[in-house]
Amino acid sequence: MDLNATLAFVTVVECGAFSGAARQLDIPRSTVSARVAALEAHLGAVLLRRTTRRIALTDDGRAYYDRVAPAIAALREAEDQGVASVSGVTALAGSIRMSVPFDFPFDTLSEAVVSFRAAHPQIRFDILVDDSVSDFVDDNLDMAIRGGNPGGDHVIARRIASFRFGRFVNPAYGKAETPDAPQLAFRSRAAPAALPRSAALNAPAHPAVATNSFALLKQLALKGAGVAVLPEHACEPEVARGELVRWALATPADKSSPTSSQAGLYLVYPSRRELSPRVKAFSDHLVNTLEAHGAHEAPAEAPGVVSASRSRPRR
């Protein structure tokens with residue numbers, strides 16, 4: 001039996017692509033393909049149907065995967081845990097590939113990463129900063145941080161924090177007290193069912209400018225383009241310098257709603273994979289770091305499976 005061939009096959013199925021499996025195993029794609037082909041020849045069965053974009057399990061492939069995947073998961077867990085030291089502390093090793101949005105507080109994230117690697121120097125991080133919809137299979141993600149509706153087909157969503165949002169504007173508008181100032185809105189690229197975070201503040205149906213970037217919204221507000229709904233933590237430096245002020249007036253699109261609201265932040269995982277010890281450990285460490293910064297919020301209910309479209313954590 002060639003365990004390397006079986007490992008390659010299981011990893012291809014989990015990643016949904018030979019290229020993703022090659023990245024995870026840190027070997028050439030051609031080697032992954034050769035190992036799977038050798039396994040099929042050894043078993044005398046076709047395990048995978050290959051196209052230019054995707055792979056699919058055959059009936060024989062599904063039966064073989066169901067039998068060997070638990071064993072491979074057990075071997076991986078044993079490798080992740082490593083050899084216990086004399087002190088009894090188990091070493092964590094390997095890579096954590098995660099996705100975070102542009103508006104996540106990077107000072108908190110960087111602190112969590114640095115302190116975690118100080119305790120576990122064999123851990124490697126691969127962090128994708130992207131406001132677009134991410135796919136656990138195509139992007140080969142272990143975890144993602146998302147706000148609003150984190151949705152996805154059988155993904156685990158763990159609420160970890162709550163951030164306040166408010167309306168901000170250039171001081172020139174604030175002094176003029178103009179109730180019909182142009183509105184700047186965040187508009188998610190996600191499906192309509194996944195409401196943008198600014199929906200809590202009744203974002204206008206026809207804003208002067210709409211974008212899926214909070215960073216761009218803030219720059220537009222700074223330059224006097226209008227009133228923008230923004231994360232409060234992202235505007236603290238500009239408010240302290242007097243470059244932005246809170247907009248306290250009701251607008252045509254918001255006659256009665258409050259001037260600030262909260263939105264949840266979630267850690268999202270692919271539920272079909274057993275979380276590795278390193279991912280579990282870093283998740284808890286990140287939550288503790290957020291708590292130290294005053295952003296942690298205990299979930300109202302236990303984490304569960306959130307169903308939407310194909311396994312995509314949504315903003």
# chains A, B, ... in the order shown; residues from 1 in each chain; ligands from 1

$ residues_around --residues "Arg124 in chain A" --least-positions-apart "4" --cutoff "7 Å" --atoms "only C-alpha atoms" --output "mmCIF file with N, CA, C and O atoms, in the first residue's frame"
data_model
loop_
_atom_site.group_PDB
_atom_site.id
_atom_site.type_symbol
_atom_site.label_atom_id
_atom_site.label_comp_id
_atom_site.auth_asym_id
_atom_site.auth_seq_id
_atom_site.Cartn_x
_atom_site.Cartn_y
_atom_site.Cartn_z
ATOM 1 N N GLY A 94 2.621 23.280 11.016
ATOM 2 C CA GLY A 94 1.851 23.267 9.778
ATOM 3 C C GLY A 94 1.373 24.650 9.396
ATOM 4 O O GLY A 94 1.749 25.655 10.003
ATOM 5 N N SER A 95 0.533 24.716 8.367
ATOM 6 C CA SER A 95 0.075 26.002 7.846
ATOM 7 C C SER A 95 -1.396 26.242 8.169
ATOM 8 O O SER A 95 -2.185 25.302 8.305
ATOM 9 N N ILE A 96 -1.736 27.516 8.303
ATOM 10 C CA ILE A 96 -3.118 27.963 8.469
ATOM 11 C C ILE A 96 -3.394 28.971 7.358
ATOM 12 O O ILE A 96 -2.766 30.029 7.298
#

$ residues_around --residues "Leu244 in chain A" --least-positions-apart "3" --cutoff "12 Å" --atoms "only C-alpha atoms" --output "ChimeraX atom specification"
/A:166-175,218-224,226-228,230,232,234-241,247

$ residues_around --residues "range 208-216 of chain A" --least-positions-apart "5" --cutoff "7 Å" --atoms "only C-alpha atoms" --output "count of residues only"
10

$ select_by_dssp --residues "range 1-160 of chain A" --states "alpha helix (DSSP H)" --output "PyMOL selection string"
chain A and resi 3-15+18-25+29-43+59-81+106-119

$ closest_residue --among "A:Leu92, A:Leu57, A:Ala157, A:Thr31" --to "Gln122 in chain A" --atoms "only C-alpha atoms"
A:Leu92

$ atom_distance --atom1 "CA of Val68 in chain A" --atom2 "CA of Val13 in chain A"
11.8 Å
